[in-house]
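Dropping entry.pdb in here (PDB, C-alpha atoms):
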```pdb
ATOM      1  CA  GLU V   1      18.435 -16.471   1.070  1.00  0.00           C
ATOM      2  CA  ASN V   2      17.113 -18.239   4.139  1.00  0.00           C
ATOM      3  CA  ASP V   3      13.482 -17.197   4.510  1.00  0.00           C
ATOM      4  CA  ASN V   4      11.042 -17.784   7.333  1.00  0.00           C
ATOM      5  CA  ILE V   5       7.686 -19.097   6.132  1.00  0.00           C
ATOM      6  CA  VAL V   6       4.906 -18.918   8.719  1.00  0.00           C
ATOM      7  CA  HIS V   7       1.811 -20.931   7.840  1.00  0.00           C
ATOM      8  CA  VAL V   8      -1.359 -19.441   9.325  1.00  0.00           C
ATOM      9  CA  GLU V   9      -4.486 -21.610   9.253  1.00  0.00           C
ATOM     10  CA  GLY V  10      -7.726 -19.815   8.461  1.00  0.00           C
ATOM     11  CA  HIS V  11      -9.743 -21.103  11.426  1.00  0.00           C
ATOM     12  CA  ILE V  12      -7.480 -19.816  14.223  1.00  0.00           C
ATOM     13  CA  ASP V  13      -6.654 -16.365  15.568  1.00  0.00           C
ATOM     14  CA  PRO V  14      -3.732 -15.443  13.289  1.00  0.00           C
ATOM     15  CA  ALA V  15      -2.775 -12.270  15.167  1.00  0.00           C
ATOM     16  CA  SER V  16      -2.263 -14.226  18.386  1.00  0.00           C
ATOM     17  CA  ASP V  17      -0.435 -17.043  16.628  1.00  0.00           C
ATOM     18  CA  ILE V  18       1.912 -14.674  14.786  1.00  0.00           C
ATOM     19  CA  GLU V  19       2.623 -12.790  18.008  1.00  0.00           C
ATOM     20  CA  VAL V  20       3.708 -16.018  19.706  1.00  0.00           C
ATOM     21  CA  ILE V  21       5.978 -16.970  16.796  1.00  0.00           C
ATOM     22  CA  ASN V  22       7.512 -13.493  16.538  1.00  0.00           C
ATOM     23  CA  THR V  23       8.111 -13.358  20.296  1.00  0.00           C
ATOM     24  CA  GLU V  24      10.088 -16.597  20.110  1.00  0.00           C
ATOM     25  CA  LEU V  25      12.209 -15.248  17.262  1.00  0.00           C
ATOM     26  CA  ILE V  26      12.800 -11.926  19.019  1.00  0.00           C
ATOM     27  CA  LEU V  27      13.828 -13.563  22.305  1.00  0.00           C
ATOM     28  CA  SER V  28      16.272 -15.786  20.439  1.00  0.00           C
ATOM     29  CA  ASP V  29      17.750 -12.730  18.708  1.00  0.00           C
ATOM     30  CA  MET V  30      18.074 -10.819  21.993  1.00  0.00           C
ATOM     31  CA  GLU V  31      19.922 -13.718  23.585  1.00  0.00           C
ATOM     32  CA  MET V  32      22.393 -13.771  20.708  1.00  0.00           C
ATOM     33  CA  LEU V  33      22.784  -9.975  20.733  1.00  0.00           C
ATOM     34  CA  GLU V  34      23.610  -9.945  24.444  1.00  0.00           C
ATOM     35  CA  ARG V  35      26.670 -12.088  23.757  1.00  0.00           C
ATOM     36  CA  ARG V  36      27.605 -10.019  20.702  1.00  0.00           C
ATOM     37  CA  LEU V  37      27.269  -6.775  22.665  1.00  0.00           C
ATOM     38  CA  GLN V  38      29.527  -7.998  25.444  1.00  0.00           C
ATOM     39  CA  LYS V  39      32.270  -8.872  22.961  1.00  0.00           C
ATOM     40  CA  ALA V  40      31.844  -5.622  21.016  1.00  0.00           C
ATOM     41  CA  ALA V  41      31.891  -3.451  24.158  1.00  0.00           C
ATOM     42  CA  LYS V  42      35.080  -5.155  25.336  1.00  0.00           C
ATOM     43  CA  ALA V  43      36.741  -4.685  21.942  1.00  0.00           C
ATOM     44  CA  ALA V  44      35.641  -1.014  21.798  1.00  0.00           C
ATOM     45  CA  LYS V  45      37.594  -0.260  25.007  1.00  0.00           C
ATOM     46  CA  ALA V  46      40.779  -1.074  23.134  1.00  0.00           C
ATOM     47  CA  ASP V  47      39.636   0.345  19.780  1.00  0.00           C
ATOM     48  CA  ARG V  48      37.396   3.426  19.930  1.00  0.00           C
ATOM     49  CA  SER V  49      36.568   3.086  16.225  1.00  0.00           C
ATOM     50  CA  LEU V  50      34.296   0.165  17.170  1.00  0.00           C
ATOM     51  CA  GLN V  51      32.061   2.379  19.312  1.00  0.00           C
ATOM     52  CA  GLY V  52      29.688   2.956  16.391  1.00  0.00           C
ATOM     53  CA  GLU V  53      29.159  -0.799  16.110  1.00  0.00           C
ATOM     54  CA  VAL V  54      28.352  -0.986  19.810  1.00  0.00           C
ATOM     55  CA  GLU V  55      25.831   1.836  19.551  1.00  0.00           C
ATOM     56  CA  LEU V  56      24.079   0.173  16.605  1.00  0.00           C
ATOM     57  CA  LEU V  57      23.927  -3.140  18.446  1.00  0.00           C
ATOM     58  CA  GLU V  58      22.416  -1.346  21.439  1.00  0.00           C
ATOM     59  CA  ARG V  59      19.783   0.272  19.175  1.00  0.00           C
ATOM     60  CA  VAL V  60      18.821  -3.076  17.678  1.00  0.00           C
ATOM     61  CA  TYR V  61      18.691  -4.680  21.118  1.00  0.00           C
ATOM     62  CA  ALA V  62      16.450  -1.898  22.464  1.00  0.00           C
ATOM     63  CA  TRP V  63      14.175  -2.201  19.408  1.00  0.00           C
ATOM     64  CA  LEU V  64      13.796  -5.934  19.946  1.00  0.00           C
ATOM     65  CA  GLY V  65      13.138  -5.277  23.624  1.00  0.00           C
ATOM     66  CA  GLU V  66       9.994  -3.400  22.578  1.00  0.00           C
ATOM     67  CA  GLY V  67       8.713  -6.599  20.964  1.00  0.00           C
ATOM     68  CA  LYS V  68       9.418  -5.428  17.417  1.00  0.00           C
ATOM     69  CA  ASN V  69      10.966  -7.459  14.617  1.00  0.00           C
ATOM     70  CA  ALA V  70      14.389  -6.307  13.438  1.00  0.00           C
ATOM     71  CA  ARG V  71      13.174  -6.255   9.813  1.00  0.00           C
ATOM     72  CA  ALA V  72      10.779  -3.408  10.708  1.00  0.00           C
ATOM     73  CA  MET V  73      13.670  -1.099  11.747  1.00  0.00           C
ATOM     74  CA  LYS V  74      14.460   1.963   9.673  1.00  0.00           C
ATOM     75  CA  LEU V  75      18.163   1.623   8.889  1.00  0.00           C
ATOM     76  CA  GLY V  76      20.656   3.364   6.649  1.00  0.00           C
ATOM     77  CA  GLU V  77      22.295   1.391   3.841  1.00  0.00           C
ATOM     78  CA  ASP V  78      25.505   0.710   5.795  1.00  0.00           C
ATOM     79  CA  GLU V  79      23.560  -0.058   8.964  1.00  0.00           C
ATOM     80  CA  ALA V  80      21.317  -2.521   7.128  1.00  0.00           C
ATOM     81  CA  ALA V  81      24.360  -4.249   5.615  1.00  0.00           C
ATOM     82  CA  PHE V  82      25.861  -4.673   9.085  1.00  0.00           C
ATOM     83  CA  VAL V  83      22.631  -5.885  10.715  1.00  0.00           C
ATOM     84  CA  LYS V  84      22.259  -8.450   7.931  1.00  0.00           C
ATOM     85  CA  THR V  85      25.597  -9.976   8.962  1.00  0.00           C
ATOM     86  CA  LEU V  86      24.199 -10.591  12.446  1.00  0.00           C
ATOM     87  CA  ASP V  87      21.945 -13.316  11.005  1.00  0.00           C
ATOM     88  CA  LEU V  88      19.003 -12.309  13.202  1.00  0.00           C
ATOM     89  CA  LEU V  89      15.952 -14.522  12.782  1.00  0.00           C
ATOM     90  CA  SER V  90      13.583 -11.556  13.048  1.00  0.00           C
ATOM     91  CA  TYR V  91      15.519  -9.683  10.338  1.00  0.00           C
ATOM     92  CA  LYS V  92      15.103 -12.344   7.684  1.00  0.00           C
ATOM     93  CA  PRO V  93      12.521 -11.872   4.923  1.00  0.00           C
ATOM     94  CA  ILE V  94       9.224 -13.523   5.798  1.00  0.00           C
ATOM     95  CA  ILE V  95       6.118 -14.684   3.956  1.00  0.00           C
ATOM     96  CA  TYR V  96       2.871 -15.393   5.783  1.00  0.00           C
ATOM     97  CA  VAL V  97       0.955 -18.158   4.017  1.00  0.00           C
ATOM     98  CA  ALA V  98      -2.748 -18.090   4.892  1.00  0.00           C
ATOM     99  CA  ASN V  99      -4.614 -21.353   4.245  1.00  0.00           C
ATOM    100  CA  VAL V 100      -8.305 -20.594   3.632  1.00  0.00           C
ATOM    101  CA  SER V 101     -11.374 -22.606   2.688  1.00  0.00           C
ATOM    102  CA  ASP V 102     -12.386 -23.248  -0.918  1.00  0.00           C
ATOM    103  CA  GLU V 103     -15.274 -20.804  -0.340  1.00  0.00           C
ATOM    104  CA  ASP V 104     -12.861 -17.932   0.397  1.00  0.00           C
ATOM    105  CA  ILE V 105     -10.134 -18.673  -2.120  1.00  0.00           C
ATOM    106  CA  ALA V 106     -11.837 -16.905  -5.060  1.00  0.00           C
ATOM    107  CA  SER V 107     -11.880 -13.585  -3.202  1.00  0.00           C
ATOM    108  CA  GLY V 108      -8.551 -14.300  -1.531  1.00  0.00           C
ATOM    109  CA  ASP V 109      -9.773 -12.606   1.607  1.00  0.00           C
ATOM    110  CA  ASN V 110     -11.634 -13.051   4.893  1.00  0.00           C
ATOM    111  CA  ARG V 111     -11.330 -11.461   8.332  1.00  0.00           C
ATOM    112  CA  TYR V 112      -8.373 -13.674   9.248  1.00  0.00           C
ATOM    113  CA  VAL V 113      -6.499 -12.883   6.048  1.00  0.00           C
ATOM    114  CA  SER V 114      -7.147  -9.176   6.618  1.00  0.00           C
ATOM    115  CA  GLN V 115      -5.471  -9.479  10.020  1.00  0.00           C
ATOM    116  CA  VAL V 116      -2.467 -11.191   8.476  1.00  0.00           C
ATOM    117  CA  ARG V 117      -2.182  -8.545   5.738  1.00  0.00           C
ATOM    118  CA  SER V 118      -2.313  -5.793   8.345  1.00  0.00           C
ATOM    119  CA  ILE V 119       0.491  -7.392  10.349  1.00  0.00           C
ATOM    120  CA  ALA V 120       2.602  -8.027   7.239  1.00  0.00           C
ATOM    121  CA  ALA V 121       2.247  -4.412   6.082  1.00  0.00           C
ATOM    122  CA  GLY V 122       3.850  -3.224   9.311  1.00  0.00           C
ATOM    123  CA  GLU V 123       6.960  -5.366   8.967  1.00  0.00           C
ATOM    124  CA  ASN V 124       7.773  -5.406   5.242  1.00  0.00           C
ATOM    125  CA  ALA V 125       6.502  -8.965   4.844  1.00  0.00           C
ATOM    126  CA  GLU V 126       4.554 -10.656   2.034  1.00  0.00           C
ATOM    127  CA  VAL V 127       1.294 -12.617   2.186  1.00  0.00           C
ATOM    128  CA  ALA V 128       0.212 -15.545   0.017  1.00  0.00           C
ATOM    129  CA  VAL V 129      -3.330 -16.927   0.233  1.00  0.00           C
ATOM    130  CA  ILE V 130      -3.863 -20.591  -0.640  1.00  0.00           C
ATOM    131  CA  CYS V 131      -6.373 -23.379  -0.203  1.00  0.00           C
ATOM    132  CA  ALA V 132      -4.373 -26.512   0.599  1.00  0.00           C
ATOM    133  CA  GLU V 133      -7.212 -28.783  -0.516  1.00  0.00           C
ATOM    134  CA  ILE V 134      -7.345 -27.155  -3.955  1.00  0.00           C
ATOM    135  CA  GLU V 135      -3.558 -27.118  -4.254  1.00  0.00           C
ATOM    136  CA  ALA V 136      -3.513 -30.886  -3.678  1.00  0.00           C
ATOM    137  CA  GLU V 137      -6.010 -31.359  -6.518  1.00  0.00           C
ATOM    138  CA  VAL V 138      -4.156 -28.995  -8.859  1.00  0.00           C
ATOM    139  CA  ALA V 139      -0.917 -30.903  -8.308  1.00  0.00           C
ATOM    140  CA  GLU V 140      -2.490 -33.968  -9.959  1.00  0.00           C
ATOM    141  CA  LEU V 141      -3.473 -32.109 -13.164  1.00  0.00           C
ATOM    142  CA  ASP V 142      -1.566 -31.272 -16.329  1.00  0.00           C
ATOM    143  CA  ASP V 143      -1.256 -27.601 -17.371  1.00  0.00           C
ATOM    144  CA  GLU V 144      -4.386 -27.512 -19.551  1.00  0.00           C
ATOM    145  CA  GLU V 145      -6.556 -29.253 -16.955  1.00  0.00           C
ATOM    146  CA  LYS V 146      -5.106 -27.047 -14.237  1.00  0.00           C
ATOM    147  CA  ASN V 147      -6.036 -23.850 -16.096  1.00  0.00           C
ATOM    148  CA  LEU V 148      -9.596 -25.050 -16.749  1.00  0.00           C
ATOM    149  CA  PHE V 149     -10.000 -26.113 -13.123  1.00  0.00           C
ATOM    150  CA  LEU V 150      -8.825 -22.733 -11.798  1.00  0.00           C
ATOM    151  CA  GLN V 151     -11.083 -20.865 -14.254  1.00  0.00           C
ATOM    152  CA  GLU V 152     -14.096 -22.829 -13.039  1.00  0.00           C
ATOM    153  CA  LEU V 153     -13.249 -21.809  -9.477  1.00  0.00           C
ATOM    154  CA  GLY V 154     -12.740 -18.166 -10.453  1.00  0.00           C
ATOM    155  CA  ILE V 155      -9.079 -18.237  -9.433  1.00  0.00           C
ATOM    156  CA  ALA V 156      -6.510 -16.361 -11.508  1.00  0.00           C
ATOM    157  CA  GLU V 157      -3.507 -18.421 -10.399  1.00  0.00           C
ATOM    158  CA  SER V 158      -2.622 -21.268  -8.078  1.00  0.00           C
ATOM    159  CA  GLY V 159      -1.374 -20.740  -4.537  1.00  0.00           C
ATOM    160  CA  LEU V 160       2.028 -22.085  -5.549  1.00  0.00           C
ATOM    161  CA  ASP V 161       2.287 -19.437  -8.276  1.00  0.00           C
ATOM    162  CA  GLN V 162       1.311 -16.771  -5.744  1.00  0.00           C
ATOM    163  CA  LEU V 163       3.959 -18.008  -3.337  1.00  0.00           C
ATOM    164  CA  ILE V 164       6.651 -17.921  -6.029  1.00  0.00           C
ATOM    165  CA  LYS V 165       5.707 -14.348  -7.014  1.00  0.00           C
ATOM    166  CA  ALA V 166       5.651 -13.251  -3.380  1.00  0.00           C
ATOM    167  CA  SER V 167       9.105 -14.784  -2.857  1.00  0.00           C
ATOM    168  CA  TYR V 168      10.521 -12.980  -5.890  1.00  0.00           C
ATOM    169  CA  SER V 169       9.007  -9.681  -4.761  1.00  0.00           C
ATOM    170  CA  LEU V 170      10.241 -10.048  -1.192  1.00  0.00           C
ATOM    171  CA  LEU V 171      13.791 -10.948  -2.199  1.00  0.00           C
ATOM    172  CA  ASP V 172      13.847  -8.448  -5.108  1.00  0.00           C
ATOM    173  CA  LEU V 173      14.587 -11.127  -7.689  1.00  0.00           C
ATOM    174  CA  ILE V 174      13.979 -11.321 -11.428  1.00  0.00           C
ATOM    175  CA  SER V 175      14.608 -13.946 -14.109  1.00  0.00           C
ATOM    176  CA  PHE V 176      16.248 -13.773 -17.503  1.00  0.00           C
ATOM    177  CA  LEU V 177      16.128 -16.491 -20.153  1.00  0.00           C
ATOM    178  CA  THR V 178      18.593 -18.233 -22.410  1.00  0.00           C
ATOM    179  CA  ALA V 179      17.243 -20.011 -25.470  1.00  0.00           C
ATOM    180  CA  GLY V 180      18.838 -22.516 -27.791  1.00  0.00           C
ATOM    181  CA  GLU V 181      20.057 -26.088 -27.961  1.00  0.00           C
ATOM    182  CA  PRO V 182      19.368 -28.110 -25.960  1.00  0.00           C
ATOM    183  CA  GLU V 183      16.924 -26.101 -23.820  1.00  0.00           C
ATOM    184  CA  VAL V 184      15.279 -22.860 -22.832  1.00  0.00           C
ATOM    185  CA  ARG V 185      16.240 -21.994 -19.271  1.00  0.00           C
ATOM    186  CA  ALA V 186      15.413 -19.307 -16.714  1.00  0.00           C
ATOM    187  CA  TRP V 187      18.137 -17.855 -14.492  1.00  0.00           C
ATOM    188  CA  THR V 188      17.329 -16.044 -11.244  1.00  0.00           C
ATOM    189  CA  ILE V 189      19.256 -12.897 -10.337  1.00  0.00           C
ATOM    190  CA  LYS V 190      18.899  -9.850  -8.109  1.00  0.00           C
ATOM    191  CA  ARG V 191      17.067  -6.883  -9.630  1.00  0.00           C
ATOM    192  CA  GLY V 192      19.641  -4.342 -10.787  1.00  0.00           C
ATOM    193  CA  THR V 193      22.209  -6.937 -11.911  1.00  0.00           C
ATOM    194  CA  LYS V 194      24.278  -5.871 -14.929  1.00  0.00           C
ATOM    195  CA  ALA V 195      24.817  -8.030 -18.011  1.00  0.00           C
ATOM    196  CA  PRO V 196      28.348  -9.341 -17.174  1.00  0.00           C
ATOM    197  CA  GLN V 197      27.256 -10.481 -13.704  1.00  0.00           C
ATOM    198  CA  ALA V 198      24.136 -12.089 -15.179  1.00  0.00           C
ATOM    199  CA  ALA V 199      26.385 -13.939 -17.618  1.00  0.00           C
ATOM    200  CA  GLY V 200      28.470 -15.072 -14.652  1.00  0.00           C
ATOM    201  CA  LYS V 201      25.377 -16.735 -13.243  1.00  0.00           C
ATOM    202  CA  ILE V 202      25.675 -19.237 -16.099  1.00  0.00           C
ATOM    203  CA  HIS V 203      29.453 -19.655 -15.956  1.00  0.00           C
ATOM    204  CA  SER V 204      32.298 -17.595 -14.474  1.00  0.00           C
ATOM    205  CA  ASP V 205      34.081 -17.580 -17.866  1.00  0.00           C
ATOM    206  CA  PHE V 206      31.080 -15.767 -19.385  1.00  0.00           C
ATOM    207  CA  GLU V 207      31.583 -12.887 -16.949  1.00  0.00           C
ATOM    208  CA  LYS V 208      35.384 -12.772 -17.210  1.00  0.00           C
ATOM    209  CA  GLY V 209      35.393 -12.648 -21.009  1.00  0.00           C
ATOM    210  CA  PHE V 210      32.140 -10.724 -21.477  1.00  0.00           C
ATOM    211  CA  ILE V 211      31.967  -8.810 -24.778  1.00  0.00           C
ATOM    212  CA  ARG V 212      28.287  -7.992 -25.199  1.00  0.00           C
ATOM    213  CA  ALA V 213      24.797  -9.452 -24.884  1.00  0.00           C
ATOM    214  CA  GLU V 214      22.247  -9.855 -27.650  1.00  0.00           C
ATOM    215  CA  THR V 215      18.923  -9.185 -25.947  1.00  0.00           C
ATOM    216  CA  ILE V 216      15.196  -9.203 -26.634  1.00  0.00           C
ATOM    217  CA  ALA V 217      12.224  -8.919 -24.292  1.00  0.00           C
ATOM    218  CA  TYR V 218      10.247 -12.137 -23.890  1.00  0.00           C
ATOM    219  CA  ASP V 219       6.946 -10.635 -25.073  1.00  0.00           C
ATOM    220  CA  LYS V 220       8.616  -9.249 -28.205  1.00  0.00           C
ATOM    221  CA  LEU V 221      10.047 -12.680 -28.983  1.00  0.00           C
ATOM    222  CA  ILE V 222       6.610 -14.269 -28.574  1.00  0.00           C
ATOM    223  CA  GLU V 223       5.207 -11.720 -31.042  1.00  0.00           C
ATOM    224  CA  CYS V 224       7.715 -13.193 -33.500  1.00  0.00           C
ATOM    225  CA  GLY V 225       6.432 -16.689 -32.871  1.00  0.00           C
ATOM    226  CA  GLY V 226       9.364 -17.454 -30.616  1.00  0.00           C
ATOM    227  CA  ASN V 227      11.692 -17.322 -33.617  1.00  0.00           C
ATOM    228  CA  LEU V 228      14.975 -15.496 -32.944  1.00  0.00           C
ATOM    229  CA  ALA V 229      15.781 -15.252 -36.656  1.00  0.00           C
ATOM    230  CA  THR V 230      12.482 -13.472 -37.314  1.00  0.00           C
ATOM    231  CA  ALA V 231      13.114 -11.121 -34.372  1.00  0.00           C
ATOM    232  CA  LYS V 232      16.549 -10.319 -35.765  1.00  0.00           C
ATOM    233  CA  GLU V 233      15.112  -9.567 -39.212  1.00  0.00           C
ATOM    234  CA  LYS V 234      12.676  -7.122 -37.609  1.00  0.00           C
ATOM    235  CA  GLY V 235      15.502  -5.402 -35.738  1.00  0.00           C
ATOM    236  CA  LEU V 236      14.112  -6.322 -32.329  1.00  0.00           C
ATOM    237  CA  ILE V 237      17.294  -7.870 -30.964  1.00  0.00           C
ATOM    238  CA  ARG V 238      19.449  -5.298 -29.197  1.00  0.00           C
ATOM    239  CA  SER V 239      23.189  -5.351 -28.579  1.00  0.00           C
ATOM    240  CA  GLU V 240      23.916  -4.392 -24.957  1.00  0.00           C
ATOM    241  CA  GLY V 241      27.239  -3.723 -23.260  1.00  0.00           C
ATOM    242  CA  LYS V 242      28.738  -4.050 -19.793  1.00  0.00           C
ATOM    243  CA  ASP V 243      26.577  -1.336 -18.218  1.00  0.00           C
ATOM    244  CA  TYR V 244      23.249  -2.831 -19.303  1.00  0.00           C
ATOM    245  CA  VAL V 245      20.956  -3.620 -16.363  1.00  0.00           C
ATOM    246  CA  VAL V 246      19.117  -6.867 -17.063  1.00  0.00           C
ATOM    247  CA  LYS V 247      15.321  -6.633 -17.032  1.00  0.00           C
ATOM    248  CA  ASP V 248      12.834  -9.253 -15.917  1.00  0.00           C
ATOM    249  CA  GLY V 249      11.988 -11.521 -18.850  1.00  0.00           C
ATOM    250  CA  ASP V 250      14.974 -10.597 -21.022  1.00  0.00           C
ATOM    251  CA  VAL V 251      16.014 -13.356 -23.432  1.00  0.00           C
ATOM    252  CA  MET V 252      19.807 -13.126 -23.682  1.00  0.00           C
ATOM    253  CA  HIS V 253      22.627 -14.517 -25.772  1.00  0.00           C
ATOM    254  CA  PHE V 254      26.080 -13.710 -24.363  1.00  0.00           C
ATOM    255  CA  LEU V 255      29.179 -13.219 -26.480  1.00  0.00           C
ATOM    256  CA  PHE V 256      32.438 -13.719 -24.595  1.00  0.00           C
ATOM    257  CA  ASN V 257      36.123 -14.425 -25.149  1.00  0.00           C
ATOM    258  CA  VAL V 258      38.503 -16.209 -22.774  1.00  0.00           C
TER     259      VAL V 258
END
```
Give the structure from the file, written as structure tokens.
Amino acid sequence: ENDNIVHVEGHIDPASDIEVINTELILSDMEMLERRLQKAAKAAKADRSLQGEVELLERVYAWLGEGKNARAMKLGEDEAAFVKTLDLLSYKPIIYVANVSDEDIASGDNRYVSQVRSIAAGENAEVAVICAEIEAEVAELDDEEKNLFLQELGIAESGLDQLIKASYSLLDLISFLTAGEPEVRAWTIKRGTKAPQAAGKIHSDFEKGFIRAETIAYDKLIECGGNLATAKEKGLIRSEGKDYVVKDGDVMHFLFNV
């Protein structure tokens, strides 16, 4: 996914700045749509079945003409799939990253951030609040020192962690885990992915020859001290078939035959 990340400094007028950025994206999209509409209208004269495409393009163009981002449009499933193929800049997922002072980071809010949140809510966007100065300091610390430092500041998680979570939420992603020699690894997939397709994320042969998946939730595995043998003895490892929808945090072992 190609995302737009707009960085909004805390000491400026974010509403004005975002409006300028969005206007540039919208104008670029309208210029592209004009060319696409001309081609579609010409093709529809010879093939009336393309008239629906022309009408949808005209709707999107009119929406943009009102100064609105394409991602804020209410579209049907088929319409959304088509609009996505247009590669409009204002249709892409977007995260607004607000950089605030170290005094505001604990609350994660100030009047500028409130403006950004209000704008984001109207266009299906996400907001991450960070303090760049603190992030620079955190980057120099190991995990234990990092956690102590954030606790002293009254911060639950770093800005980078917030940004990662916001990205996953915006793109509707989850992660499943594989554990064993030589490593434990996380794999990113779309929410709603079934077990064979998740297996294919590791290797195409896993999906082609998928038999079943041995699965346990991460928190259940931790309760067993991270020991798969112990989890198996307690009957916590499930056997899931082709229709199983992978859940966030699943630890999976795939059985396949090729």
Query raised in the report: Selected by the PyMOL selection byres ((chain V and resi 22-32) around 7) in the shown coordinates: which residues, as a list in words?
Result: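 Applying the PyMOL selection byres ((chain V and resi 22-32) around 7) to the structure shown produces Ile18, Glu19, Val20, Ile21, Leu33, Glu34, Arg35, Arg36, Tyr61, Leu64, Gly67, Asn69, Leu88, Leu89 and Ser90 of chain V.
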Requested in this report: Work out how far apart CA of Val246 (chain V) and CA of Asp78 (chain V) are and give it in Å to one decimal.
Outcome: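 Going from CA of Val246 (chain V) over to CA of Asp78 (chain V) covers 24.9 Å.
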Report summary line: CA of Ala132 (chain V) to CA of Leu171 (chain V) measures 24.1 Å
Requested in this report: Identify all residues satisfying the PyMOL selection byres ((chain V and resi 255) around 8) in the given file; provide them as a PyMOL selection string.
Outcome: chain V and resi 206+210-214+253-254+256-257
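Distances to Glu123 (chain V) were evaluated for V:Met73, V:Ile164, V:Gly241, V:Ala186 using all atoms listed in the file, and the minimum falls at V:Met73.
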Report task. Give the answer as one residue: which of V:Asp250, V:Glu181, V:Glu53, V:Asp87 has the shortest atom-to-atom distance to Thr215 (chain V), using only C-alpha atoms? Result -> V:Asp250
Report task. Would you mind reading off the distance between CA of Ala98 (chain V) and CA of Ala139 (chain V), one decimal, in Å? Result ->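 CA of Ala139 (chain V) lies at a distance of 18.5 Å from CA of Ala98 (chain V).
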Requested in this report: Enumerate, as a list in words, the residues matched when the PyMOL selection byres ((chain V and resi 226-236) around 12) is run on the file above.
Outcome: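 The output of the PyMOL selection byres ((chain V and resi 226-236) around 12) on this file is Thr178, Ala179, Gly180, Val184, Glu214, Thr215, Ile216, Ala217, Tyr218, Asp219, Lys220, Leu221, Ile222, Glu223, Cys224, Gly225, Ile237, Arg238, Ser239, Val251, Met252 and His253 of chain V.
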Listed atoms of region 76-84 of chain V boxed axis-aligned with 8 Å per side, centre + edges as lines of an AutoDock Vina configuration file:
```
center_x = 23.3
center_y = -2.5
center_z = 7.3
size_x = 21.2
size_y = 27.8
size_z = 22.9
```
**Report entry** Pick from V:Leu57, V:Val258, V:Val97, V:Ala125 nearest to Ser204 (chain V), counting only C-alpha atoms
**Finding:** V:Val258
Requested in this report: Please identify all polymer residues within 8 Å of region 101-118 of chain V, counting only C-alpha atoms, omitting same-chain residues fewer than 3 positions from it, and present them as a VMD selection string.
Outcome: chain V and resid 10 to 15 96 98 121 to 122 126 to 127 129 to 131 133 to 134 153 to 155
**Report entry** Spatial neighbours of Ala41 (chain V), max dist 10 Å, only C-alpha atoms, sep filter under 3 positions, as JSON, numbers by chain
**Finding:** {"V": [36, 37, 38, 44, 45, 46, 47, 48, 50, 51, 53, 54, 55, 57]}
